[in-house]
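Colleague: Structure supplied as work14.txt; contents: compact mmCIF, C-alpha atoms and all ligand atoms.
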# COMPACT_ATOMS: atom_id res chain seq x y z
CA MET A 153 75.49 97.94 107.35
CA SER A 154 77.80 100.07 105.34
CA ALA A 155 77.59 100.19 101.58
CA GLU A 156 81.16 101.33 101.48
CA PRO A 157 83.37 99.03 99.42
CA ILE A 158 85.79 96.98 101.48
CA GLN A 159 88.75 98.29 99.52
CA LYS A 160 87.96 101.87 100.46
CA ARG A 161 87.94 101.02 104.13
CA LYS A 162 91.27 99.22 103.83
CA LEU A 163 92.77 102.18 102.02
CA ASP A 164 91.78 104.34 104.96
CA HIS A 165 94.15 102.31 107.11
CA VAL A 166 97.14 103.28 105.01
CA VAL A 167 97.94 106.43 106.93
CA PRO A 168 101.17 107.85 108.36
CA GLY A 169 102.11 105.89 111.46
CA ALA A 170 100.42 102.66 110.35
CA ARG A 171 102.53 99.53 110.06
CA PHE A 172 102.16 96.85 107.39
CA GLY A 173 104.61 94.01 107.76
CA ARG A 174 108.04 95.60 107.75
CA LEU A 175 106.75 98.91 106.43
CA LEU A 176 105.98 101.93 108.54
CA VAL A 177 103.93 104.44 106.58
CA GLU A 178 105.47 107.89 106.92
CA ALA A 179 103.71 110.34 104.66
CA VAL A 180 101.55 110.76 101.61
CA VAL A 181 103.74 111.59 98.62
CA PRO A 182 103.23 112.37 94.93
CA ALA A 183 103.57 109.47 92.51
CA PRO A 184 107.24 108.85 91.66
CA ASP A 185 108.48 110.09 88.30
CA HIS A 186 109.07 106.58 86.98
CA VAL A 187 105.39 105.79 87.25
CA PHE A 188 103.79 106.44 83.88
CA GLY A 189 100.44 104.68 84.12
CA LYS A 190 97.66 107.25 84.19
CA VAL A 191 95.67 105.27 86.75
CA ALA A 192 98.70 104.68 88.95
CA ARG A 193 99.66 108.35 88.84
CA ARG A 194 96.20 109.35 89.97
CA ARG A 195 96.31 107.03 92.98
CA PRO A 196 97.64 108.20 96.31
CA TRP A 197 101.19 107.14 97.12
CA VAL A 198 102.89 106.93 100.46
CA SER A 199 106.49 106.87 101.49
CA ALA A 200 107.21 104.06 103.92
CA LEU A 201 110.22 103.20 106.01
CA CYS A 202 111.19 99.54 105.98
CA ASP A 203 112.64 97.80 109.03
CA CYS A 204 115.89 97.39 107.08
CA GLY A 205 116.21 101.18 106.98
CA LYS A 206 115.27 101.71 103.36
CA ARG A 207 112.66 104.28 102.43
CA LYS A 208 110.50 103.75 99.38
CA ALA A 209 107.30 105.02 97.79
CA PHE A 210 104.36 102.65 97.41
CA ILE A 211 100.97 102.95 95.82
CA VAL A 212 98.44 102.74 98.63
CA ASP A 213 96.44 100.04 96.87
CA ALA A 214 99.34 97.59 97.02
CA ILE A 215 99.76 98.10 100.73
CA ALA A 216 96.02 97.95 101.41
CA ARG A 217 95.77 94.68 99.49
CA GLY A 218 98.70 93.28 101.44
CA ASP A 219 100.76 92.88 98.27
CA VAL A 220 103.77 94.62 99.77
CA LYS A 221 105.03 94.09 103.28
CA SER A 222 108.64 95.19 102.80
CA CYS A 223 110.76 97.36 100.55
CA GLY A 224 111.85 94.22 98.76
CA CYS A 225 114.47 93.10 101.25
CA LYS A 226 112.25 90.25 102.37
CA LEU A 227 112.19 88.98 98.83
CA ARG A 228 115.95 89.38 98.48
CA GLU A 229 116.55 87.45 101.69
CA HIS A 230 114.29 84.71 100.46
CA ARG A 231 116.14 84.55 97.14
CA LYS A 232 119.50 84.37 98.89
CA GLU A 233 118.25 81.53 101.00
CA TYR A 234 116.93 79.78 97.90
CA THR A 235 120.23 80.11 96.04
CA ARG A 236 122.13 78.75 98.99
CA ARG A 237 119.98 75.66 99.11
CA HIS A 238 120.04 75.15 95.35
CA GLN A 239 123.65 75.75 94.43
CA PRO A 240 124.00 75.95 90.68
CA VAL A 241 126.27 73.17 89.37
CA ASN A 242 129.12 73.88 86.93
CA ARG A 243 128.17 77.48 86.60
CA LYS A 244 130.78 79.23 84.49
CA ALA A 245 132.14 82.63 85.40
CA THR A 246 131.05 85.11 82.78
CA GLY A 247 132.86 88.16 84.04
CA LYS A 248 135.75 87.97 81.60
CA ASN A 249 133.99 88.16 78.26
CA LEU A 250 135.99 91.07 76.97
CA PRO A 251 135.38 92.26 73.41
CA ALA A 252 138.05 91.08 70.94
ZN ZN B 1 113.58 96.49 103.62
Using structure tokens, write down the structure that the file contains.

Modeller:
Amino acid sequence: MSAEPIQKRKLDHVVPGARFGRLLVEAVVPAPDHVFGKVARRRPWVSALCDCGKRKAFIVDAIARGDVKSCGCKLREHRKEYTRRHQPVNRKATGKNLPA
């Protein structure tokens, strides 16, 4: 029996070459500049290549937990599908609101 927390073991799986959903982990990278949280900045980050061709940095915890499985394209596809099935009715075009 190992006393090692389950999360630690899962984090160990987030290594270059490992695949999580659409993401292929490529390398360990420093936290991106837009990340300001002290805790988040201290965590390891990895750059991962998505099946759609996009490369993005992820905090390892999110991948280990299974929170992220794509760069976001999966979510976008889902949203597109949703909008197609729920066409907004009488939606006005708002692109021509020029200042007077
Ligand atoms: Zn993607």

Colleague: Taking only residues of chain A that have an atom at most 8 Å from an atom of ligand ZN 1 (chain B), what is each one's shortest atom pair and its distance in Å to one decimal, using all atoms listed in the file, in chain and number order, as JSON lines?

Modeller:
{"residue": "A:Arg174", "atom": "CA", "partner": "B:ZN1", "partner_atom": "ZN", "distance": 7.0}
{"residue": "A:Leu175", "atom": "CA", "partner": "B:ZN1", "partner_atom": "ZN", "distance": 7.8}
{"residue": "A:Leu201", "atom": "CA", "partner": "B:ZN1", "partner_atom": "ZN", "distance": 7.9}
{"residue": "A:Cys202", "atom": "CA", "partner": "B:ZN1", "partner_atom": "ZN", "distance": 4.5}
{"residue": "A:Asp203", "atom": "CA", "partner": "B:ZN1", "partner_atom": "ZN", "distance": 5.6}
{"residue": "A:Cys204", "atom": "CA", "partner": "B:ZN1", "partner_atom": "ZN", "distance": 4.3}
{"residue": "A:Gly205", "atom": "CA", "partner": "B:ZN1", "partner_atom": "ZN", "distance": 6.3}
{"residue": "A:Lys206", "atom": "CA", "partner": "B:ZN1", "partner_atom": "ZN", "distance": 5.5}
{"residue": "A:Arg207", "atom": "CA", "partner": "B:ZN1", "partner_atom": "ZN", "distance": 7.9}
{"residue": "A:Ser222", "atom": "CA", "partner": "B:ZN1", "partner_atom": "ZN", "distance": 5.2}
{"residue": "A:Cys223", "atom": "CA", "partner": "B:ZN1", "partner_atom": "ZN", "distance": 4.3}
{"residue": "A:Gly224", "atom": "CA", "partner": "B:ZN1", "partner_atom": "ZN", "distance": 5.6}
{"residue": "A:Cys225", "atom": "CA", "partner": "B:ZN1", "partner_atom": "ZN", "distance": 4.2}
{"residue": "A:Lys226", "atom": "CA", "partner": "B:ZN1", "partner_atom": "ZN", "distance": 6.5}

Colleague: Residues within 10 Å of (106.1, 105.7, 104.7), file coordinates, counting all atoms listed in the file: what are they? Give the list as a ChimeraX atom specification.

Modeller: /A:166-171,175-181,197-202,207-210

Colleague: Write out as a ChimeraX atom specification the residues lying within 7 Å of A:Pro196, counting all atoms listed in the file and excluding same-chain residues fewer than 2 positions away.

Modeller: /A:194,198,211-212

Colleague: Restricting it to C-alpha atoms, dump the selection as a PDB file, keeping the file's coordinate frame.

Modeller:
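Below is the file that was written, again.pdb:
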ATOM      1  CA  ARG A 194      96.200 109.350  89.970  1.00  0.00           C
ATOM      2  CA  VAL A 198     102.890 106.930 100.460  1.00  0.00           C
ATOM      3  CA  ILE A 211     100.970 102.950  95.820  1.00  0.00           C
ATOM      4  CA  VAL A 212      98.440 102.740  98.630  1.00  0.00           C
TER       5      VAL A 212
END

Colleague: Distance atom CA of A:Lys221-atom CA of A:Gln239, one decimal place?

Modeller: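 Separation between atom CA of A:Lys221 and atom CA of A:Gln239: 27.6 Å.
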
Colleague: To one decimal place in Å, what is the distance between atom CA of A:Arg193 and atom CA of A:Val220?

Modeller: 18.0 Å

Colleague: Could you tell me how far atom CA of A:Leu163 sits from atom CA of A:Asp213, in Å to one decimal place?

Modeller: 6.7 Å

Colleague: Can you put N, CA and C atoms back into stretch 221-240 of chain A and show it as an mmCIF file, in the frame of the given file?

Modeller:
data_model
loop_
_atom_site.group_PDB
_atom_site.id
_atom_site.type_symbol
_atom_site.label_atom_id
_atom_site.label_comp_id
_atom_site.auth_asym_id
_atom_site.auth_seq_id
_atom_site.Cartn_x
_atom_site.Cartn_y
_atom_site.Cartn_z
ATOM 1 N N LYS A 221 104.844 94.071 101.822
ATOM 2 C CA LYS A 221 105.030 94.090 103.280
ATOM 3 C C LYS A 221 106.459 94.470 103.629
ATOM 4 N N SER A 222 107.263 94.740 102.575
ATOM 5 C CA SER A 222 108.640 95.190 102.800
ATOM 6 C C SER A 222 109.080 95.961 101.568
ATOM 7 N N CYS A 223 110.267 96.579 101.667
ATOM 8 C CA CYS A 223 110.760 97.360 100.550
ATOM 9 C C CYS A 223 111.244 96.446 99.428
ATOM 10 N N GLY A 224 111.312 95.174 99.717
ATOM 11 C CA GLY A 224 111.850 94.220 98.760
ATOM 12 C C GLY A 224 112.947 93.389 99.391
ATOM 13 N N CYS A 225 113.374 93.810 100.593
ATOM 14 C CA CYS A 225 114.470 93.100 101.250
ATOM 15 C C CYS A 225 114.025 91.704 101.664
ATOM 16 N N LYS A 226 112.767 91.548 101.982
ATOM 17 C CA LYS A 226 112.250 90.250 102.370
ATOM 18 C C LYS A 226 112.400 89.270 101.209
ATOM 19 N N LEU A 227 112.084 89.785 100.031
ATOM 20 C CA LEU A 227 112.190 88.980 98.830
ATOM 21 C C LEU A 227 113.645 88.622 98.548
ATOM 22 N N ARG A 228 114.528 89.624 98.722
ATOM 23 C CA ARG A 228 115.950 89.380 98.480
ATOM 24 C C ARG A 228 116.493 88.336 99.445
ATOM 25 N N GLU A 229 116.085 88.429 100.706
ATOM 26 C CA GLU A 229 116.550 87.450 101.690
ATOM 27 C C GLU A 229 116.086 86.061 101.309
ATOM 28 N N HIS A 230 114.857 85.994 100.851
ATOM 29 C CA HIS A 230 114.290 84.710 100.460
ATOM 30 C C HIS A 230 115.073 84.139 99.288
ATOM 31 N N ARG A 231 115.430 84.994 98.333
ATOM 32 C CA ARG A 231 116.140 84.550 97.140
ATOM 33 C C ARG A 231 117.540 84.043 97.516
ATOM 34 N N LYS A 232 118.170 84.767 98.444
ATOM 35 C CA LYS A 232 119.500 84.370 98.890
ATOM 36 C C LYS A 232 119.439 82.982 99.515
ATOM 37 N N GLU A 233 118.446 82.809 100.335
ATOM 38 C CA GLU A 233 118.250 81.530 101.000
ATOM 39 C C GLU A 233 118.029 80.430 99.956
ATOM 40 N N TYR A 234 117.247 80.748 98.952
ATOM 41 C CA TYR A 234 116.930 79.780 97.900
ATOM 42 C C TYR A 234 118.202 79.399 97.148
ATOM 43 N N THR A 235 119.010 80.388 96.792
ATOM 44 C CA THR A 235 120.230 80.110 96.040
ATOM 45 C C THR A 235 121.196 79.266 96.860
ATOM 46 N N ARG A 236 121.210 79.500 98.156
ATOM 47 C CA ARG A 236 122.130 78.750 98.990
ATOM 48 C C ARG A 236 121.734 77.274 99.028
ATOM 49 N N ARG A 237 120.442 77.038 99.020
ATOM 50 C CA ARG A 237 119.980 75.660 99.110
ATOM 51 C C ARG A 237 120.022 74.947 97.757
ATOM 52 N N HIS A 238 120.026 75.749 96.686
ATOM 53 C CA HIS A 238 120.040 75.150 95.350
ATOM 54 C C HIS A 238 121.258 75.662 94.603
ATOM 55 N N GLN A 239 122.414 75.277 95.065
ATOM 56 C CA GLN A 239 123.650 75.750 94.430
ATOM 57 C C GLN A 239 123.704 75.324 92.969
ATOM 58 N N PRO A 240 123.899 76.301 92.089
ATOM 59 C CA PRO A 240 124.000 75.950 90.680
ATOM 60 C C PRO A 240 125.265 75.113 90.435
#
